[in-house]
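Novice: For reference, the file protein_17.cif (mmCIF, C-alpha atoms) is included below:
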```
data_query
loop_
_atom_site.group_PDB
_atom_site.id
_atom_site.type_symbol
_atom_site.label_atom_id
_atom_site.label_comp_id
_atom_site.auth_asym_id
_atom_site.auth_seq_id
_atom_site.Cartn_x
_atom_site.Cartn_y
_atom_site.Cartn_z
ATOM 1 C CA MET A 1 -12.598 -6.864 6.891
ATOM 2 C CA HIS A 2 -11.456 -4.260 9.414
ATOM 3 C CA ARG A 3 -12.598 -6.543 12.230
ATOM 4 C CA ASP A 4 -9.968 -9.107 11.256
ATOM 5 C CA TYR A 5 -7.215 -7.212 9.403
ATOM 6 C CA SER A 6 -5.264 -3.992 9.710
ATOM 7 C CA PHE A 7 -3.892 -1.984 6.814
ATOM 8 C CA GLY A 8 -1.676 0.612 8.500
ATOM 9 C CA VAL A 9 1.985 1.274 9.174
ATOM 10 C CA PHE A 10 3.606 1.565 12.587
ATOM 11 C CA ARG A 11 6.557 3.922 12.704
ATOM 12 C CA THR A 12 7.566 3.677 16.377
ATOM 13 C CA GLN A 13 8.338 1.021 18.949
ATOM 14 C CA SER A 14 5.603 2.364 21.215
ATOM 15 C CA GLU A 15 3.020 1.691 18.477
ATOM 16 C CA MET A 16 4.370 -1.851 18.073
ATOM 17 C CA ASP A 17 4.214 -2.436 21.845
ATOM 18 C CA ALA A 18 0.687 -1.043 22.197
ATOM 19 C CA HIS A 19 -0.692 -3.415 19.552
ATOM 20 C CA LYS A 20 1.417 -6.563 19.967
ATOM 21 C CA ASP A 21 -1.583 -8.582 21.201
ATOM 22 C CA ASP A 22 -3.980 -7.256 18.545
ATOM 23 C CA HIS A 23 -4.628 -10.182 16.187
ATOM 24 C CA ARG A 24 -5.501 -7.802 13.342
ATOM 25 C CA VAL A 25 -1.873 -6.666 12.948
ATOM 26 C CA TRP A 26 -0.268 -10.112 12.971
ATOM 27 C CA THR A 27 -0.529 -10.492 9.180
ATOM 28 C CA ASN A 28 0.754 -7.001 8.403
ATOM 29 C CA PRO A 29 4.568 -6.945 8.399
ATOM 30 C CA LEU A 30 4.518 -3.143 8.702
ATOM 31 C CA GLN A 31 2.643 -3.418 11.997
ATOM 32 C CA HIS A 32 4.124 -6.526 13.589
ATOM 33 C CA GLN A 33 7.731 -7.365 14.357
ATOM 34 C CA LEU A 34 9.594 -10.506 13.434
ATOM 35 C CA PRO A 35 9.833 -12.889 16.401
ATOM 36 C CA ASN A 36 12.731 -13.493 18.744
ATOM 37 C CA ALA A 37 13.836 -16.665 16.966
ATOM 38 C CA PRO A 38 17.663 -16.837 17.084
ATOM 39 C CA ASN A 39 17.915 -19.808 14.711
ATOM 40 C CA MET A 40 15.402 -18.543 12.171
ATOM 41 C CA SER A 41 16.339 -17.195 8.744
ATOM 42 C CA ILE A 42 14.029 -15.744 6.119
ATOM 43 C CA TYR A 43 14.806 -16.412 2.473
ATOM 44 C CA CYS A 44 13.086 -14.234 -0.107
ATOM 45 C CA LEU A 45 13.495 -15.723 -3.559
ATOM 46 C CA TYR A 46 11.640 -14.053 -6.406
ATOM 47 C CA GLY A 47 11.898 -13.190 -10.056
ATOM 48 C CA HIS A 48 11.653 -9.844 -11.776
ATOM 49 C CA GLY A 49 11.948 -8.371 -15.239
ATOM 50 C CA ALA A 50 8.484 -9.262 -16.540
ATOM 51 C CA ALA A 51 5.929 -6.568 -17.349
ATOM 52 C CA THR A 52 3.470 -6.480 -14.449
ATOM 53 C CA GLU A 53 0.174 -4.654 -14.048
ATOM 54 C CA ARG A 54 0.344 -2.124 -11.218
ATOM 55 C CA ALA A 55 -2.388 0.469 -11.813
ATOM 56 C CA TYR A 56 -5.400 1.189 -13.991
ATOM 57 C CA TYR A 57 -7.185 4.139 -15.561
ATOM 58 C CA TYR A 58 -10.932 3.906 -14.990
ATOM 59 C CA THR A 59 -13.955 5.590 -16.485
ATOM 60 C CA PHE A 60 -17.636 5.431 -15.632
ATOM 61 C CA ASP A 61 -19.719 2.970 -17.603
ATOM 62 C CA ASN A 62 -23.031 4.703 -18.267
ATOM 63 C CA SER A 63 -24.477 1.894 -20.372
ATOM 64 C CA SER A 64 -26.702 0.644 -17.565
ATOM 65 C CA ASP A 65 -28.773 2.033 -14.717
ATOM 66 C CA ALA A 66 -26.343 0.788 -12.088
ATOM 67 C CA PRO A 67 -23.208 2.919 -11.673
ATOM 68 C CA SER A 68 -20.096 0.994 -12.556
ATOM 69 C CA LEU A 69 -16.541 1.484 -13.693
ATOM 70 C CA LYS A 70 -14.596 0.044 -16.574
ATOM 71 C CA ILE A 71 -11.007 0.328 -17.734
ATOM 72 C CA ASP A 72 -10.539 3.510 -19.753
ATOM 73 C CA ARG A 73 -9.029 2.419 -23.064
ATOM 74 C CA THR A 74 -8.317 5.968 -24.227
ATOM 75 C CA PRO A 75 -4.845 6.027 -25.831
ATOM 76 C CA ARG A 76 -2.220 7.774 -23.699
ATOM 77 C CA PRO A 77 1.235 8.878 -24.835
ATOM 78 C CA LEU A 78 2.971 7.019 -22.014
ATOM 79 C CA ARG A 79 5.340 4.134 -22.702
ATOM 80 C CA ASN A 80 4.217 2.015 -19.755
ATOM 81 C CA VAL A 81 0.443 2.316 -20.363
ATOM 82 C CA ASP A 82 -1.377 -0.126 -22.601
ATOM 83 C CA ILE A 83 -5.143 0.289 -23.109
ATOM 84 C CA GLY A 84 -5.666 1.755 -19.646
ATOM 85 C CA ILE A 85 -3.337 -0.576 -17.788
ATOM 86 C CA VAL A 86 -0.170 0.842 -16.219
ATOM 87 C CA ASN A 87 2.660 -1.683 -16.339
ATOM 88 C CA GLY A 88 5.740 -1.781 -14.153
ATOM 89 C CA GLU A 89 8.458 -4.214 -13.224
ATOM 90 C CA GLY A 90 7.715 -7.433 -11.389
ATOM 91 C CA ASP A 91 7.289 -11.143 -11.953
ATOM 92 C CA GLY A 92 4.344 -10.814 -14.326
ATOM 93 C CA THR A 93 1.834 -11.093 -11.470
ATOM 94 C CA VAL A 94 3.253 -9.272 -8.426
ATOM 95 C CA PRO A 95 4.955 -5.836 -8.678
ATOM 96 C CA LEU A 96 8.622 -5.642 -7.670
ATOM 97 C CA LEU A 97 7.947 -3.391 -4.686
ATOM 98 C CA SER A 98 5.515 -5.940 -3.247
ATOM 99 C CA LEU A 99 7.955 -8.769 -3.889
ATOM 100 C CA GLY A 100 11.016 -7.189 -2.377
ATOM 101 C CA TYR A 101 10.367 -4.238 -0.062
ATOM 102 C CA MET A 102 10.180 -6.112 3.245
ATOM 103 C CA CYS A 103 13.119 -8.379 2.423
ATOM 104 C CA ALA A 104 15.421 -5.777 0.916
ATOM 105 C CA ASP A 105 14.653 -2.960 3.330
ATOM 106 C CA ALA A 106 12.089 -3.017 6.161
ATOM 107 C CA TRP A 107 13.079 -6.355 7.736
ATOM 108 C CA ARG A 108 16.661 -5.082 7.868
ATOM 109 C CA LYS A 109 15.620 -2.285 10.240
ATOM 110 C CA PRO A 110 15.457 -2.746 14.030
ATOM 111 C CA LEU A 111 11.848 -1.542 14.254
ATOM 112 C CA TYR A 112 10.564 -4.459 12.157
ATOM 113 C CA ASN A 113 13.331 -6.956 12.985
ATOM 114 C CA PRO A 114 14.358 -6.116 16.577
ATOM 115 C CA HIS A 115 16.081 -9.454 17.230
ATOM 116 C CA GLY A 116 18.191 -9.499 14.063
ATOM 117 C CA VAL A 117 16.612 -12.451 12.277
ATOM 118 C CA ARG A 118 18.760 -13.203 9.232
ATOM 119 C CA VAL A 119 17.032 -12.051 6.034
ATOM 120 C CA VAL A 120 18.398 -13.124 2.653
ATOM 121 C CA THR A 121 17.093 -11.681 -0.592
ATOM 122 C CA ARG A 122 17.758 -13.538 -3.833
ATOM 123 C CA GLU A 123 16.489 -11.973 -7.045
ATOM 124 C CA PHE A 124 16.392 -13.754 -10.367
ATOM 125 C CA VAL A 125 16.057 -12.005 -13.714
ATOM 126 C CA HIS A 126 13.286 -13.415 -15.891
ATOM 127 C CA ASN A 127 15.128 -14.652 -18.970
ATOM 128 C CA PRO A 128 12.788 -17.084 -20.743
ATOM 129 C CA LEU A 129 13.531 -19.143 -23.814
ATOM 130 C CA ALA A 130 11.404 -18.712 -26.904
ATOM 131 C CA VAL A 131 8.061 -20.466 -26.457
ATOM 132 C CA PHE A 132 8.798 -22.890 -29.307
ATOM 133 C CA LYS A 133 11.897 -24.089 -27.388
ATOM 134 C CA ASP A 134 10.239 -24.453 -23.986
ATOM 135 C CA ILE A 135 6.638 -23.504 -23.280
ATOM 136 C CA ARG A 136 7.476 -23.002 -19.570
ATOM 137 C CA GLY A 137 10.365 -20.642 -20.302
ATOM 138 C CA GLY A 138 13.316 -22.897 -19.555
ATOM 139 C CA ALA A 139 15.888 -23.018 -16.780
ATOM 140 C CA ASP A 140 16.208 -19.213 -16.517
ATOM 141 C CA ALA A 141 12.519 -18.300 -16.431
ATOM 142 C CA ALA A 142 11.667 -16.300 -13.318
ATOM 143 C CA ASP A 143 8.085 -15.186 -13.781
ATOM 144 C CA HIS A 144 5.489 -15.831 -11.102
ATOM 145 C CA ILE A 145 4.811 -19.491 -11.909
ATOM 146 C CA ASN A 146 7.741 -20.660 -13.998
ATOM 147 C CA ILE A 147 10.304 -19.624 -11.388
ATOM 148 C CA LEU A 148 9.607 -23.045 -9.883
ATOM 149 C CA GLY A 149 11.518 -24.520 -12.825
ATOM 150 C CA ASN A 150 14.438 -22.096 -12.540
ATOM 151 C CA HIS A 151 17.599 -24.112 -11.928
ATOM 152 C CA ASP A 152 19.264 -21.439 -9.748
ATOM 153 C CA VAL A 153 16.176 -21.123 -7.534
ATOM 154 C CA THR A 154 16.023 -24.901 -7.179
ATOM 155 C CA ALA A 155 19.708 -25.005 -6.192
ATOM 156 C CA ASP A 156 19.130 -22.320 -3.528
ATOM 157 C CA VAL A 157 16.103 -24.115 -2.103
ATOM 158 C CA LEU A 158 18.056 -27.379 -1.949
ATOM 159 C CA ARG A 159 20.933 -25.651 -0.128
ATOM 160 C CA VAL A 160 18.534 -24.266 2.477
ATOM 161 C CA VAL A 161 16.616 -27.502 3.106
ATOM 162 C CA ALA A 162 19.867 -29.487 3.228
ATOM 163 C CA GLY A 163 21.076 -27.317 6.116
ATOM 164 C CA HIS A 164 23.460 -25.144 4.104
ATOM 165 C CA GLY A 165 21.404 -21.948 4.165
ATOM 166 C CA HIS A 166 24.444 -20.094 5.486
ATOM 167 C CA ASP A 167 25.896 -20.484 1.974
ATOM 168 C CA VAL A 168 22.938 -18.616 0.434
ATOM 169 C CA ASN A 169 23.528 -14.863 0.470
ATOM 170 C CA ASP A 170 21.943 -11.727 -0.944
ATOM 171 C CA GLN A 171 21.758 -11.389 -4.710
ATOM 172 C CA PHE A 172 20.250 -8.140 -5.966
ATOM 173 C CA THR A 173 19.711 -7.751 -9.703
ATOM 174 C CA SER A 174 16.970 -5.105 -9.707
ATOM 175 C CA ASN A 175 16.652 -1.560 -8.391
ATOM 176 C CA ILE A 176 14.578 -2.639 -5.366
ATOM 177 C CA ARG A 177 16.973 -1.091 -2.837
ATOM 178 C CA GLU A 178 16.810 2.270 -4.596
ATOM 179 C CA TYR A 179 12.995 2.084 -4.791
ATOM 180 C CA ALA A 180 12.754 1.083 -1.135
ATOM 181 C CA ALA A 181 14.983 3.983 -0.060
ATOM 182 C CA ARG A 182 12.364 6.404 -1.429
ATOM 183 C CA ILE A 183 9.695 5.063 0.940
ATOM 184 C CA ASN A 184 9.419 7.202 4.052
ATOM 185 C CA ILE A 185 9.201 4.510 6.711
ATOM 186 C CA PRO A 186 11.776 4.552 9.527
#
```
For the file at hand, write its structure as structure tokens.

Specialist:
Amino acid sequence: MHRDYSFGVFRTQSEMDAHKDDHRVWTNPLQHQLPNAPNMSIYCLYGHGAATERAYYYTFDNSSDAPSLKIDRTPRPLRNVDIGIVNGEGDGTVPLLSLGYMCADAWRKPLYNPHGVRVVTREFVHNPLAVFKDIRGGADAADHINILGNHDVTADVLRVVAGHGHDVNDQFTSNIREYAARINIP
């Protein structure tokens, strides 16, 4: 894994420069800068507002000879923990911080976006219909899969592919910018 991928964070231009030809950092947006592509724009469209797994409590499983772990189902008096699973905000599959950090914060900084590539973040609140009305959640669903049927997302995608991406601008409906501001990355 470490032969092909890197899992770090570069905090200075000199680190970026020293590793720009290292193929392991090319897939890590915190270690590789956006390209000098004057006509390129990045559109980040994602949903949020669905409970999303983000951490787990584990315990050792001593029922066999091989050491192993299992989710600790011990009840905890925390509102966001359910049978050992810590839930947070996201799209039901991906946590909000993973969905939006680069788009809402890091790619707006010169270290990660030195050439000023346009970055547009569009968030959509997951607002599904009752399952008996529409099993896929309806036109306002914005969870991980059903966002593909969200009418506002479809309209934004059509604007971009029709050459009117300049009409698509930031739309923040979550606290991602406040969360991102707490991360200590220049």

Novice: Which polymer residues, whether protein, DNA or RNA, lie within 6 Å of the coordinate (12.0, 3.8, 16.9) when you count only C-alpha atoms? List them as a compact mmCIF listing (two decimals) with C-alpha atoms, in the coordinates of the input, using the chain letters and numbers from the file.

Specialist:
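That gives us part-v5.txt:
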```txt
# COMPACT_ATOMS: atom_id res chain seq x y z
CA THR A 12 7.57 3.68 16.38
CA GLN A 13 8.34 1.02 18.95
CA LEU A 111 11.85 -1.54 14.25
```

Novice: Identify all residues satisfying the PyMOL selection byres ((chain A and resi 168-174) around 7) in the given file; provide them as a list in words.

Specialist: Val120, Thr121, Arg122, Glu123, Phe124, Val125, Asp156, Gly165, His166, Asp167, Asn175 and Ile176 of chain A

Novice: Using only C-alpha atoms, pick whichever of A:Phe10, A:Tyr43, A:Phe60, A:Tyr5 has the shortest atom-to-atom distance to Gly100 in chain A.

Specialist: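 For Gly100 in chain A, the nearest of the candidates is A:Tyr43.
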
Novice: I'd like the interatomic distance between CA of His23 in chain A and CA of Phe7 in chain A, to a tenth of an Å.

Specialist: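 If I compute the distance from CA of His23 in chain A to CA of Phe7 in chain A, I get 12.5 Å.
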
Novice: If we count all atoms listed in the file and set the cut-off at 12 Å, which residues sit around Asn39 in chain A, ignoring sequence neighbours fewer than 4 positions away in its own chain? Please answer as an MDAnalysis selection string.

Specialist: chainID A and resid 35 115:119 163 165:166

Novice: Taking 5 positions as the minimum chain separation for residues in the same chain, which residues sit within 10 Å of range 74-84 of chain A when counting only C-alpha atoms? Answer as JSON, numbers by chain.

Specialist: {"A": [51, 53, 55, 56, 57, 58, 59, 89]}

Novice: Could you write out as a PyMOL selection string the residues that the PyMOL selection byres ((chain A and resi 15) around 12) matches in the shown file?

Specialist: chain A and resi 8-14+16-22+25+30-33+111-112

Novice: Mind writing the picked residues with C-alpha atoms as a short mmCIF file (atom, residue, chain, number, x, y, z; two decimals), keeping the file's coordinate frame?

Specialist:
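Output file part-v8.cif follows:
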```
data_model
loop_
_atom_site.label_atom_id
_atom_site.label_comp_id
_atom_site.auth_asym_id
_atom_site.auth_seq_id
_atom_site.Cartn_x
_atom_site.Cartn_y
_atom_site.Cartn_z
CA GLY A 8 -1.68 0.61 8.50
CA VAL A 9 1.98 1.27 9.17
CA PHE A 10 3.61 1.56 12.59
CA ARG A 11 6.56 3.92 12.70
CA THR A 12 7.57 3.68 16.38
CA GLN A 13 8.34 1.02 18.95
CA SER A 14 5.60 2.36 21.22
CA MET A 16 4.37 -1.85 18.07
CA ASP A 17 4.21 -2.44 21.84
CA ALA A 18 0.69 -1.04 22.20
CA HIS A 19 -0.69 -3.42 19.55
CA LYS A 20 1.42 -6.56 19.97
CA ASP A 21 -1.58 -8.58 21.20
CA ASP A 22 -3.98 -7.26 18.55
CA VAL A 25 -1.87 -6.67 12.95
CA LEU A 30 4.52 -3.14 8.70
CA GLN A 31 2.64 -3.42 12.00
CA HIS A 32 4.12 -6.53 13.59
CA GLN A 33 7.73 -7.36 14.36
CA LEU A 111 11.85 -1.54 14.25
CA TYR A 112 10.56 -4.46 12.16
#
```

Novice: One decimal, in Å: what's the spacing between CA of His151 in chain A and CA of Arg108 in chain A?

Specialist: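 That distance, rounded to one decimal, is 27.5 Å.
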
Novice: With 6 Å of padding per side, what axis-aligned box (centre and edge lengths, Å, one decimal) covers all the listed atoms of range 11-24 of chain A? Give it as JSON.

Specialist:
```
{"center_x": 1.4, "center_y": -3.1, "center_z": 17.5, "size_x": 25.8, "size_y": 26.1, "size_z": 21.5}
```

Novice: Can you pull out every residue within 12 Å of Asp140 in chain A, counting only C-alpha atoms, but drop anything in the same chain fewer than 3 positions away, and send it as a ChimeraX atom specification?

Specialist: /A:47-49,123-130,134,136-137,143,146-154

Novice: Name the closest residue to Thr52 in chain A among the candidates A:Gly138, A:Pro95, A:Pro186, A:Pro114; distances are taken between atoms, counting only C-alpha atoms.

Specialist: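 Among the listed residues, the smallest separation from Thr52 in chain A belongs to A:Pro95.
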
Novice: Measuring atom to atom with all atoms listed in the file, identify which of A:Ile71, A:Ala106, A:Gly88, A:Ala50 is nearest to His144 in chain A.

Specialist: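 For His144 in chain A, the nearest of the given residues is A:Ala50.
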
Novice: Mind giving me the straight-line distance from CA of Asp91 in chain A to CA of Thr27 in chain A in Å, one decimal?

Specialist: 22.5 Å

Novice: Determine the nearest neighbour of Ala181 in chain A from the options A:Ala139, A:Met102, A:Met1, A:Val161, counting all atoms listed in the file.

Specialist: A:Met102
